[in-house]
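Peer 1: Quick one: structure below, then a few questions.
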Amino acid sequence: MEVRFQNLGPEHWKGDVMLAFACDGEDLLLQNPELDKAAPWLAVAPALRDFRPREGSLALLHGHPELDIPRVLAIGLGARDEVTPDRVRAAVAAGVQRCRALGVRSLLLPEPQLSRLPGGRERLVEECVYAAQLALYRFDALKKPSAEEPPAPEWLALGFDGESVPDGGHAAARRGESAAWAVSLARDLANMPGNLLSPALLAERAAALAEDSGLACEILDEDALAREGLDCLRAVGQGSARPPRLVVLEYAPTGHEQEKPLILVGKGITFDSGGICLKPAANMHQMKCDMSGAAAVLAALTALAREGAPRRVVGLLACAENMPDGGAYRPGDVLTAANGDSVEVINTDAEGRLALCDALAWAQKRWTPAAIVDIATLTGACAVALGTGLAGLFCDDDGLAERLAAAGATGGEHFWRLPLWRPYADQLKSEVADIRHTAGREGGAITAALFLRHFVREGELWAHLDIAGVDWNAKATPLCPEGASGFGARTLLELARG
Ligand code: BES
Ligand code: MN
Ligand code: ZN
């Protein structure tokens, strides 16, 4: 769906359906005077009298079919003092989905209404465009096109009141489009099944995207991983017929080449069977999403490069497939990580931290980071603790933690801070190696984070995002169908933009 702009005031707006918002107890027309000018027939539309602007309510109002604006979709937002950008996003997305179901060709969203809602005018333009685009997201690459289903609307116009569209309006809409593009890309990658997306294919996809968007890309294959000492990542992939890869992406815009980079590290397990410590069959298919962290890093970096953001960012995708076979790594194995420390493997299903510890250690040998952020579908324990709506955030630095939480909240991705509680690190002591790779079930998200922390040098600014649980959307919502959510792409994009 193309995003357009209309100005010269409401009398000149056009679109098959105009979206209009109201809050509890408000009169749609009194609240939004421009509506009367854009669609004068609204004042006498009988169905408007029955519209109650509760949260989630939608009412389609019809005027004469040949008018510039023949229909209005009234959208309720609930109590005005409870309206948040999250709620506006959900409302816009629900409205857009209704329009798609009706087979509508074009939509008009009046911008003046947004200035009356809490959140800030430009922010809401960005969020409405973002939500409208994501509402149309589908993973249909592997399916025959459906004959019954109407096509998505062709365009969405933002209607401005005044002679011209303010610059800020254009820029905000472009940011919204770019963010939706990034999240859609992350979803596409994560939804792609394990048979069609091996580590090598993910690396190829990354290289192609990098090429298109002006990122440098280097791929470390098995030999290169061996040369560079990434034994833990190699061990995770050694039970699979399809070998691991480390993808190194770099965005260094002119004038920022010498800057210390923000380093983003993503877990890229293209399928996680658990390895020799095989997972139970129930929901194992969801483990095709175990590269959601890598997808978020790749999507955010590509979008940043396309936006031309003025900062240096490096992205690492630690890619492997965790499978059981005669060559697979075993519980009890001792591996040497990229920092030289020996690691005792306890449970082969805790493969993510092995892939990540090597990437983290290797990154610190190669760059002097401004900060390091890793993102991973790391522990079921995090999903148990926080549920499927909140992701875990681990960080010793309050400033970085707050920036990440704020970056997430901007786009509706919410994080809850969990402790890097030092006394638990004792549980990672090994009899035979420098560190043991898992501890007990209790506090599993924390001990996983402490394991990663072991590979981060003292004094380095580092945060760990555990997105297990939020990476998968079990039930369709206006903003996301069932399947991969693309969680994290927007947060990383906002972090690097800010
Ligand atoms: N990829 C899983 C974690 C996961 C679980 C992600 C559910 C999304 C939804 C990870 O590799 C894993 O298996 N972790 C183990 C660690 C344990 C063996 C210490 C877990 O959480 O059970
Ligand atoms: Mn696992
Ligand atoms: Zn995993």
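Chain labels A, B, ... are given in the sequence in which chains occur in the structure tokens; within each chain residues are numbered consecutively from 1, and ligands are likewise numbered from 1 in the order shown.
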Within 6 Å of ligand 3 (counting only C-alpha atoms and all ligand atoms), which residues show up? I'd like them as a ChimeraX atom specification.
Peer 2: /A:272,290,351-352,378
Peer 1: Give the residues close to ligand 2, within 12 Å, counting only C-alpha atoms and all ligand atoms; write them as a ChimeraX atom specification.
Peer 2: /A:236,267-280,284,286-291,320-324,346-355,376-381,438,448,468
Peer 1: Would you please work out which residue, of A:Gln133, A:Asn7, A:Asn283, A:Gln31, is nearest to ligand 1 when using only C-alpha atoms and all ligand atoms?
Peer 2: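 The answer is A:Asn283, which sits nearest to ligand 1.
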Peer 1: Which residues come within 8 Å of Val345 (chain A), counting only C-alpha atoms, excluding same-chain residues fewer than 4 positions away, as a short mmCIF file (atom, residue, chain, number, x, y, z; two decimals) with all heavy atoms, in the first residue's frame?
Peer 2:
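Here's the written file part13.cif:
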data_model
loop_
_atom_site.label_atom_id
_atom_site.label_comp_id
_atom_site.auth_asym_id
_atom_site.auth_seq_id
_atom_site.Cartn_x
_atom_site.Cartn_y
_atom_site.Cartn_z
N ARG A 330 27.61 -33.21 22.28
CA ARG A 330 26.95 -33.96 23.33
C ARG A 330 27.01 -33.23 24.65
O ARG A 330 27.92 -32.44 24.88
CB ARG A 330 27.64 -35.32 23.57
CG ARG A 330 28.22 -35.95 22.39
CD ARG A 330 29.37 -36.86 22.76
NE ARG A 330 29.96 -37.39 21.54
CZ ARG A 330 30.71 -36.67 20.70
NH1 ARG A 330 31.03 -35.41 20.98
NH2 ARG A 330 31.17 -37.20 19.59
N PRO A 331 26.09 -33.57 25.54
CA PRO A 331 26.23 -33.11 26.93
C PRO A 331 27.55 -33.64 27.48
O PRO A 331 27.92 -34.78 27.21
CB PRO A 331 25.04 -33.77 27.65
CG PRO A 331 24.04 -34.05 26.56
CD PRO A 331 24.85 -34.35 25.33
N GLY A 332 28.28 -32.82 28.18
CA GLY A 332 29.57 -33.22 28.72
C GLY A 332 30.75 -32.77 27.87
O GLY A 332 31.88 -32.70 28.36
N ASP A 333 30.50 -32.46 26.61
CA ASP A 333 31.59 -31.99 25.75
C ASP A 333 32.19 -30.71 26.34
O ASP A 333 31.49 -29.91 26.98
CB ASP A 333 31.06 -31.65 24.33
CG ASP A 333 30.84 -32.91 23.49
OD1 ASP A 333 31.06 -34.02 24.02
OD2 ASP A 333 30.44 -32.75 22.32
N VAL A 334 33.47 -30.52 26.11
CA VAL A 334 34.12 -29.27 26.52
C VAL A 334 34.60 -28.56 25.26
O VAL A 334 35.32 -29.14 24.45
CB VAL A 334 35.27 -29.52 27.52
CG1 VAL A 334 35.99 -28.21 27.83
CG2 VAL A 334 34.72 -30.13 28.81
N LEU A 335 34.17 -27.32 25.11
CA LEU A 335 34.47 -26.53 23.91
C LEU A 335 35.36 -25.36 24.30
O LEU A 335 35.41 -24.97 25.46
CB LEU A 335 33.17 -25.99 23.31
CG LEU A 335 32.04 -27.00 23.12
CD1 LEU A 335 30.73 -26.30 22.79
CD2 LEU A 335 32.41 -28.00 22.02
N ARG A 436 30.51 -23.53 33.09
CA ARG A 436 29.51 -24.53 32.76
C ARG A 436 28.41 -23.78 32.03
O ARG A 436 28.14 -22.63 32.33
CB ARG A 436 29.03 -25.00 34.13
CG ARG A 436 28.25 -26.19 34.28
CD ARG A 436 27.86 -26.24 35.78
NE ARG A 436 26.44 -26.55 35.75
CZ ARG A 436 25.98 -27.79 35.93
NH1 ARG A 436 26.79 -28.77 36.24
NH2 ARG A 436 24.70 -28.02 35.85
N HIS A 437 27.75 -24.44 31.10
CA HIS A 437 26.93 -23.59 30.23
C HIS A 437 25.47 -23.45 30.63
O HIS A 437 24.81 -22.54 30.18
CB HIS A 437 27.20 -23.95 28.77
CG HIS A 437 26.12 -24.59 27.99
ND1 HIS A 437 25.68 -25.86 28.20
CD2 HIS A 437 25.39 -24.10 26.97
CE1 HIS A 437 24.74 -26.15 27.33
NE2 HIS A 437 24.55 -25.09 26.58
N THR A 438 24.99 -24.32 31.53
CA THR A 438 23.65 -24.07 32.07
C THR A 438 23.66 -24.32 33.56
O THR A 438 24.54 -25.01 34.10
CB THR A 438 22.57 -25.01 31.46
OG1 THR A 438 22.88 -26.36 31.84
CG2 THR A 438 22.52 -24.90 29.95
#
Peer 1: Residues near Ala74 (chain A), anyone? I mean within 6 Å using only C-alpha atoms, not counting same-chain ones fewer than 4 positions away, as a list in words.
Peer 2: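 Final neighbour list, sorted by chain and number: Ala20, Phe21, Leu58 and Ala59 of chain A.
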Peer 1: Write a file of the selected residues as a PDB file, in the first residue's frame, keeping N, CA, C and O atoms.
Peer 2:
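again04.pdb written:
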ATOM      1  N   ALA A  20     -11.984   7.913  11.036  1.00  0.00           N
ATOM      2  CA  ALA A  20     -12.252   9.014  11.974  1.00  0.00           C
ATOM      3  C   ALA A  20     -12.315   8.469  13.400  1.00  0.00           C
ATOM      4  O   ALA A  20     -12.945   7.440  13.650  1.00  0.00           O
ATOM      5  N   PHE A  21     -11.643   9.166  14.316  1.00  0.00           N
ATOM      6  CA  PHE A  21     -11.544   8.677  15.699  1.00  0.00           C
ATOM      7  C   PHE A  21     -12.401   9.486  16.666  1.00  0.00           C
ATOM      8  O   PHE A  21     -12.540  10.698  16.521  1.00  0.00           O
ATOM      9  N   LEU A  58     -16.014  -0.209  15.873  1.00  0.00           N
ATOM     10  CA  LEU A  58     -15.879   0.293  14.498  1.00  0.00           C
ATOM     11  C   LEU A  58     -17.292   0.447  13.935  1.00  0.00           C
ATOM     12  O   LEU A  58     -18.142  -0.405  14.162  1.00  0.00           O
ATOM     13  N   ALA A  59     -17.537   1.519  13.215  1.00  0.00           N
ATOM     14  CA  ALA A  59     -18.838   1.670  12.552  1.00  0.00           C
ATOM     15  C   ALA A  59     -18.620   2.248  11.167  1.00  0.00           C
ATOM     16  O   ALA A  59     -17.962   3.278  11.004  1.00  0.00           O
TER      17      ALA A  59
END
Peer 1: Can you list, as number ranges by chain, every protein, DNA or RNA residue that comes within 6 Å of Val72 (chain A) when you count only C-alpha atoms, leaving out same-chain residues fewer than 3 positions away?
Peer 2: A: 17-19, 60-61
Peer 1: May I have the residues from that selection written out with all heavy atoms, as a CSV table (one decimal), in the first residue's frame?
Peer 2:
chain,number,residue,atom,x,y,z
A,17,VAL,N,-12.6,5.4,1.7
A,17,VAL,CA,-13.0,5.4,3.1
A,17,VAL,C,-12.2,6.4,3.9
A,17,VAL,O,-10.9,6.4,3.8
A,17,VAL,CB,-12.9,4.0,3.8
A,17,VAL,CG1,-13.2,4.0,5.3
A,17,VAL,CG2,-13.8,3.0,3.1
A,18,MET,N,-12.8,7.2,4.7
A,18,MET,CA,-12.1,8.1,5.6
A,18,MET,C,-12.1,7.5,7.0
A,18,MET,O,-13.2,7.1,7.5
A,18,MET,CB,-12.7,9.5,5.6
A,18,MET,CG,-12.0,10.4,6.7
A,18,MET,SD,-12.4,12.2,6.4
A,18,MET,CE,-14.1,12.2,6.9
A,19,LEU,N,-11.0,7.4,7.7
A,19,LEU,CA,-11.0,6.9,9.1
A,19,LEU,C,-11.2,8.1,10.0
A,19,LEU,O,-10.6,9.2,9.8
A,19,LEU,CB,-9.6,6.2,9.4
A,19,LEU,CG,-9.2,5.1,8.4
A,19,LEU,CD1,-7.8,4.6,8.9
A,19,LEU,CD2,-10.2,4.0,8.4
A,60,LEU,N,-19.1,1.6,10.2
A,60,LEU,CA,-19.0,2.0,8.8
A,60,LEU,C,-20.2,2.8,8.4
A,60,LEU,O,-21.4,2.4,8.5
A,60,LEU,CB,-18.8,0.8,7.9
A,60,LEU,CG,-18.5,1.2,6.4
A,60,LEU,CD1,-17.1,1.8,6.4
A,60,LEU,CD2,-18.5,-0.1,5.6
A,61,LEU,N,-20.0,4.1,8.0
A,61,LEU,CA,-21.1,5.0,7.7
A,61,LEU,C,-21.0,5.3,6.2
A,61,LEU,O,-20.0,5.6,5.6
A,61,LEU,CB,-20.9,6.3,8.5
A,61,LEU,CG,-20.7,6.1,10.0
A,61,LEU,CD1,-20.2,7.4,10.6
A,61,LEU,CD2,-21.9,5.6,10.6
Peer 1: What gap, in Å, lies between CA of Gly444 (chain A) and CA of Gln364 (chain A)?
Peer 2: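 Between these atoms lies a distance of 25.5 Å.
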Peer 1: Which residue is closest to Gly120 (chain A)? Choose from A:Thr491, A:Ser106, A:Asn473, A:Thr410 and count only C-alpha atoms.
Peer 2: A:Thr410
Peer 1: Which residue gives the smallest distance to ligand 1 among A:Leu317, A:Leu400, A:Ala439, A:Val104, with only C-alpha atoms and all ligand atoms counted?
Peer 2: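 Going through A:Leu317, A:Leu400, A:Ala439, A:Val104 one by one, the smallest distance to ligand 1 is for A:Ala439.
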Peer 1: Using only C-alpha atoms, determine which residues lie at most 7 Å from region 385-392 of chain A, disregarding the query and same-chain residues fewer than 6 positions distant; provide the list as a PyMOL selection string.
Peer 2: chain A and resi 414-418+465-467+469-470
Peer 1: Would you output that residue set with N, CA, C and O atoms, as an mmCIF file, in the first residue's frame?
Peer 2:
data_model
loop_
_atom_site.group_PDB
_atom_site.id
_atom_site.type_symbol
_atom_site.label_atom_id
_atom_site.label_comp_id
_atom_site.auth_asym_id
_atom_site.auth_seq_id
_atom_site.Cartn_x
_atom_site.Cartn_y
_atom_site.Cartn_z
ATOM 1 N N HIS A 414 7.486 -3.881 24.342
ATOM 2 C CA HIS A 414 7.722 -3.562 25.752
ATOM 3 C C HIS A 414 8.664 -4.561 26.407
ATOM 4 O O HIS A 414 8.562 -5.771 26.188
ATOM 5 N N PHE A 415 9.573 -3.993 27.190
ATOM 6 C CA PHE A 415 10.596 -4.798 27.872
ATOM 7 C C PHE A 415 10.437 -4.650 29.377
ATOM 8 O O PHE A 415 10.013 -3.599 29.862
ATOM 9 N N TRP A 416 10.813 -5.688 30.094
ATOM 10 C CA TRP A 416 10.821 -5.637 31.553
ATOM 11 C C TRP A 416 12.231 -5.990 32.010
ATOM 12 O O TRP A 416 12.798 -6.985 31.569
ATOM 13 N N ARG A 417 12.763 -5.129 32.875
ATOM 14 C CA ARG A 417 14.149 -5.345 33.268
ATOM 15 C C ARG A 417 14.265 -6.478 34.283
ATOM 16 O O ARG A 417 13.523 -6.528 35.268
ATOM 17 N N LEU A 418 15.185 -7.381 34.057
ATOM 18 C CA LEU A 418 15.448 -8.502 34.960
ATOM 19 C C LEU A 418 16.890 -8.398 35.439
ATOM 20 O O LEU A 418 17.737 -7.798 34.773
ATOM 21 N N LEU A 465 18.811 -8.880 25.349
ATOM 22 C CA LEU A 465 17.355 -8.895 25.196
ATOM 23 C C LEU A 465 16.899 -10.329 24.961
ATOM 24 O O LEU A 465 17.318 -10.961 23.985
ATOM 25 N N ASP A 466 16.089 -10.859 25.878
ATOM 26 C CA ASP A 466 15.571 -12.222 25.708
ATOM 27 C C ASP A 466 14.147 -12.122 25.151
ATOM 28 O O ASP A 466 13.227 -11.686 25.848
ATOM 29 N N ILE A 467 13.999 -12.520 23.887
ATOM 30 C CA ILE A 467 12.692 -12.378 23.224
ATOM 31 C C ILE A 467 11.969 -13.723 23.054
ATOM 32 O O ILE A 467 11.064 -13.839 22.220
ATOM 33 N N GLY A 469 9.246 -16.229 23.533
ATOM 34 C CA GLY A 469 7.841 -15.998 23.921
ATOM 35 C C GLY A 469 7.222 -14.887 23.103
ATOM 36 O O GLY A 469 6.186 -15.081 22.484
ATOM 37 N N VAL A 470 7.879 -13.714 23.058
ATOM 38 C CA VAL A 470 7.294 -12.602 22.287
ATOM 39 C C VAL A 470 7.583 -12.733 20.788
ATOM 40 O O VAL A 470 6.993 -12.020 19.979
#
Peer 1: For Glu494 (chain A), work out the shell of residues within 9 Å, counting only C-alpha atoms and skipping chain neighbours fewer than 5 positions away, then give it as a PyMOL selection string.
Peer 2: chain A and resi 179+300+404+406-408+410-411+489
Peer 1: Those same residues - all heavy atoms - I'd like them written as a tab-separated table (two decimals), in the first residue's frame.
Peer 2:
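Result written to again_6.tsv:
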chain	number	residue	atom	x	y	z
A	179	ALA	N	9.98	1.58	9.24
A	179	ALA	CA	9.88	0.67	10.39
A	179	ALA	C	9.00	-0.53	10.06
A	179	ALA	O	9.32	-1.67	10.40
A	179	ALA	CB	9.36	1.42	11.61
A	300	ALA	N	16.80	-4.41	11.13
A	300	ALA	CA	17.07	-3.06	11.66
A	300	ALA	C	18.24	-2.41	10.91
A	300	ALA	O	18.17	-1.24	10.52
A	300	ALA	CB	17.37	-3.14	13.16
A	404	LEU	N	17.04	1.58	25.91
A	404	LEU	CA	16.45	0.43	25.21
A	404	LEU	C	14.97	0.30	25.49
A	404	LEU	O	14.17	0.07	24.58
A	404	LEU	CB	17.18	-0.85	25.63
A	404	LEU	CG	18.38	-1.20	24.77
A	404	LEU	CD1	19.29	-2.19	25.48
A	404	LEU	CD2	17.92	-1.79	23.43
A	406	ALA	N	12.95	2.64	26.33
A	406	ALA	CA	12.25	3.74	25.67
A	406	ALA	C	12.16	3.49	24.17
A	406	ALA	O	11.11	3.73	23.55
A	406	ALA	CB	12.96	5.06	25.95
A	407	ALA	N	13.24	2.99	23.58
A	407	ALA	CA	13.23	2.68	22.13
A	407	ALA	C	12.15	1.65	21.85
A	407	ALA	O	11.40	1.76	20.87
A	407	ALA	CB	14.59	2.17	21.69
A	408	GLY	N	12.03	0.65	22.72
A	408	GLY	CA	11.01	-0.37	22.54
A	408	GLY	C	9.61	0.21	22.67
A	408	GLY	O	8.74	-0.03	21.82
A	410	THR	N	8.52	3.13	22.20
A	410	THR	CA	8.17	4.00	21.06
A	410	THR	C	7.37	3.23	20.02
A	410	THR	O	6.39	3.73	19.48
A	410	THR	CB	9.46	4.53	20.40
A	410	THR	OG1	10.14	5.31	21.37
A	410	THR	CG2	9.15	5.38	19.19
A	411	GLY	N	7.79	2.00	19.75
A	411	GLY	CA	7.12	1.23	18.70
A	411	GLY	C	6.18	0.17	19.24
A	411	GLY	O	5.74	-0.69	18.49
A	489	ALA	N	12.96	-5.86	15.91
A	489	ALA	CA	13.46	-5.09	14.76
A	489	ALA	C	13.21	-3.60	14.99
A	489	ALA	O	14.08	-2.75	14.81
A	489	ALA	CB	12.80	-5.56	13.47
Peer 1: Just checking: using only C-alpha atoms, which residue out of A:Gly63, A:Gly443, A:Ala370, A:Ala206 ends up closest to Leu185 (chain A)?
Peer 2: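 Under the stated criterion, the closest residue is A:Ala206.
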Peer 1: Taking only C-alpha atoms and all ligand atoms into account, which of A:Glu442, A:Glu154, A:Glu218, A:Asp86 comes nearest ligand 1?
Peer 2: A:Glu442
Peer 1: Hey, what does DSSP flag as helix (DSSP H, G or I) within region 269-318 of chain A? Can you give it to me as a PyMOL selection string?
Peer 2: chain A and resi 284-289+292-307
Peer 1: As an exercise, work out the distance from CA of Ala38 (chain A) to CA of Leu77 (chain A) in Å and give it to one decimal place.
Peer 2: 21.1 Å
Peer 1: Nearest residue to Val314 (chain A) out of A:Ile435, A:Ala496, A:Arg138, A:Asp167, using only C-alpha atoms?
Peer 2: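 Closest to Val314 (chain A) of all the choices is A:Ala496.
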Peer 1: Could you pull out all residues of region 313-465 of chain A with a DSSP call of strand (DSSP E or B) and give them as a ChimeraX atom specification?
Peer 2: /A:313-322,334-336,342-344,371-376,391-395,415-417,435-436,462-465
Peer 1: Would you mind exporting the chosen residues as a JSON list (two decimals), in the first residue's frame, restricted to N, CA and C atoms?
Peer 2:
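Contents of part26.json, freshly written:
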[["chain", "number", "residue", "atom", "x", "y", "z"],
["A", 313, "VAL", "N", 27.08, 1.28, 12.76],
["A", 313, "VAL", "CA", 26.47, 0.12, 13.42],
["A", 313, "VAL", "C", 27.00, -1.16, 12.79],
["A", 314, "VAL", "N", 27.34, -2.11, 13.65],
["A", 314, "VAL", "CA", 27.79, -3.42, 13.18],
["A", 314, "VAL", "C", 26.74, -4.45, 13.61],
["A", 315, "GLY", "N", 26.44, -5.40, 12.74],
["A", 315, "GLY", "CA", 25.50, -6.46, 13.10],
["A", 315, "GLY", "C", 26.14, -7.83, 12.90],
["A", 316, "LEU", "N", 25.97, -8.70, 13.88],
["A", 316, "LEU", "CA", 26.48, -10.07, 13.76],
["A", 316, "LEU", "C", 25.32, -11.04, 13.86],
["A", 317, "LEU", "N", 25.23, -11.96, 12.91],
["A", 317, "LEU", "CA", 24.21, -12.99, 12.96],
["A", 317, "LEU", "C", 24.90, -14.32, 13.19],
["A", 318, "ALA", "N", 24.64, -14.93, 14.34],
["A", 318, "ALA", "CA", 25.27, -16.20, 14.69],
["A", 318, "ALA", "C", 24.33, -17.32, 14.26],
["A", 319, "CYS", "N", 24.61, -17.91, 13.08],
["A", 319, "CYS", "CA", 23.65, -18.82, 12.44],
["A", 319, "CYS", "C", 24.10, -20.27, 12.52],
["A", 320, "ALA", "N", 23.19, -21.13, 12.95],
["A", 320, "ALA", "CA", 23.45, -22.57, 12.96],
["A", 320, "ALA", "C", 22.10, -23.27, 13.05],
["A", 321, "GLU", "N", 22.13, -24.58, 12.71],
["A", 321, "GLU", "CA", 20.93, -25.40, 12.90],
["A", 321, "GLU", "C", 21.26, -26.42, 13.98],
["A", 322, "ASN", "N", 20.40, -26.53, 14.99],
["A", 322, "ASN", "CA", 20.67, -27.42, 16.12],
["A", 322, "ASN", "C", 19.94, -28.75, 15.90],
["A", 334, "VAL", "N", 33.47, -30.52, 26.11],
["A", 334, "VAL", "CA", 34.12, -29.27, 26.52],
["A", 334, "VAL", "C", 34.60, -28.56, 25.26],
["A", 335, "LEU", "N", 34.17, -27.32, 25.11],
["A", 335, "LEU", "CA", 34.47, -26.53, 23.91],
["A", 335, "LEU", "C", 35.36, -25.36, 24.30],
["A", 336, "THR", "N", 36.03, -24.79, 23.30],
["A", 336, "THR", "CA", 36.81, -23.59, 23.57],
["A", 336, "THR", "C", 36.15, -22.41, 22.85],
["A", 342, "SER", "N", 37.33, -22.35, 28.28],
["A", 342, "SER", "CA", 36.70, -23.65, 28.01],
["A", 342, "SER", "C", 35.29, -23.65, 28.60],
["A", 343, "VAL", "N", 34.39, -24.31, 27.87],
["A", 343, "VAL", "CA", 32.97, -24.31, 28.24],
["A", 343, "VAL", "C", 32.48, -25.74, 28.32],
["A", 344, "GLU", "N", 31.90, -26.12, 29.46],
["A", 344, "GLU", "CA", 31.34, -27.46, 29.57],
["A", 344, "GLU", "C", 29.88, -27.45, 29.14],
["A", 371, "ALA", "N", 28.72, 0.33, 22.31],
["A", 371, "ALA", "CA", 27.86, -0.51, 23.16],
["A", 371, "ALA", "C", 27.57, -1.79, 22.39],
["A", 372, "ILE", "N", 27.22, -2.84, 23.13],
["A", 372, "ILE", "CA", 26.85, -4.11, 22.50],
["A", 372, "ILE", "C", 25.45, -4.48, 22.98],
["A", 373, "VAL", "N", 24.60, -4.84, 22.05],
["A", 373, "VAL", "CA", 23.27, -5.32, 22.42],
["A", 373, "VAL", "C", 23.06, -6.65, 21.73],
["A", 374, "ASP", "N", 22.76, -7.70, 22.51],
["A", 374, "ASP", "CA", 22.42, -8.96, 21.86],
["A", 374, "ASP", "C", 20.93, -9.22, 22.02],
["A", 375, "ILE", "N", 20.39, -9.95, 21.07],
["A", 375, "ILE", "CA", 18.95, -10.23, 21.07],
["A", 375, "ILE", "C", 18.74, -11.68, 20.66],
["A", 376, "ALA", "N", 17.94, -12.40, 21.46],
["A", 376, "ALA", "CA", 17.87, -13.85, 21.27],
["A", 376, "ALA", "C", 16.58, -14.42, 21.83],
["A", 391, "ALA", "N", 9.21, -8.65, 26.80],
["A", 391, "ALA", "CA", 10.52, -9.28, 26.61],
["A", 391, "ALA", "C", 11.43, -8.93, 27.78],
["A", 392, "GLY", "N", 12.42, -9.77, 28.02],
["A", 392, "GLY", "CA", 13.36, -9.55, 29.12],
["A", 392, "GLY", "C", 14.50, -8.63, 28.69],
["A", 393, "LEU", "N", 14.88, -7.74, 29.60],
["A", 393, "LEU", "CA", 15.99, -6.81, 29.34],
["A", 393, "LEU", "C", 16.97, -6.93, 30.49],
["A", 394, "PHE", "N", 18.19, -7.29, 30.17],
["A", 394, "PHE", "CA", 19.25, -7.43, 31.17],
["A", 394, "PHE", "C", 20.34, -6.43, 30.87],
["A", 395, "CYS", "N", 20.67, -5.57, 31.82],
["A", 395, "CYS", "CA", 21.71, -4.58, 31.57],
["A", 395, "CYS", "C", 22.14, -3.97, 32.89],
["A", 415, "PHE", "N", 9.57, -3.99, 27.19],
["A", 415, "PHE", "CA", 10.60, -4.80, 27.87],
["A", 415, "PHE", "C", 10.44, -4.65, 29.38],
["A", 416, "TRP", "N", 10.81, -5.69, 30.09],
["A", 416, "TRP", "CA", 10.82, -5.64, 31.55],
["A", 416, "TRP", "C", 12.23, -5.99, 32.01],
["A", 417, "ARG", "N", 12.76, -5.13, 32.88],
["A", 417, "ARG", "CA", 14.15, -5.34, 33.27],
["A", 417, "ARG", "C", 14.27, -6.48, 34.28],
["A", 435, "ILE", "N", 33.92, -22.61, 32.59],
["A", 435, "ILE", "CA", 32.53, -22.26, 32.89],
["A", 435, "ILE", "C", 31.63, -23.38, 32.40],
["A", 436, "ARG", "N", 30.51, -23.53, 33.09],
["A", 436, "ARG", "CA", 29.51, -24.53, 32.76],
["A", 436, "ARG", "C", 28.41, -23.78, 32.03],
["A", 462, "TRP", "N", 26.91, -3.17, 27.75],
["A", 462, "TRP", "CA", 26.28, -4.34, 27.13],
["A", 462, "TRP", "C", 24.85, -4.55, 27.64],
["A", 463, "ALA", "N", 23.99, -4.94, 26.77],
["A", 463, "ALA", "CA", 22.63, -5.32, 27.17],
["A", 463, "ALA", "C", 22.23, -6.59, 26.44],
["A", 464, "HIS", "N", 21.41, -7.38, 27.11],
["A", 464, "HIS", "CA", 20.92, -8.64, 26.54],
["A", 464, "HIS", "C", 19.40, -8.61, 26.52],
["A", 465, "LEU", "N", 18.81, -8.88, 25.35],
["A", 465, "LEU", "CA", 17.36, -8.90, 25.20],
["A", 465, "LEU", "C", 16.90, -10.33, 24.96]]
Peer 1: Hey, can you check how far CA of Arg242 (chain A) sits from atom 11 (O, counted along the ligand's line) of ligand 1?
Peer 2: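 Distance between the two atoms: 17.9 Å.
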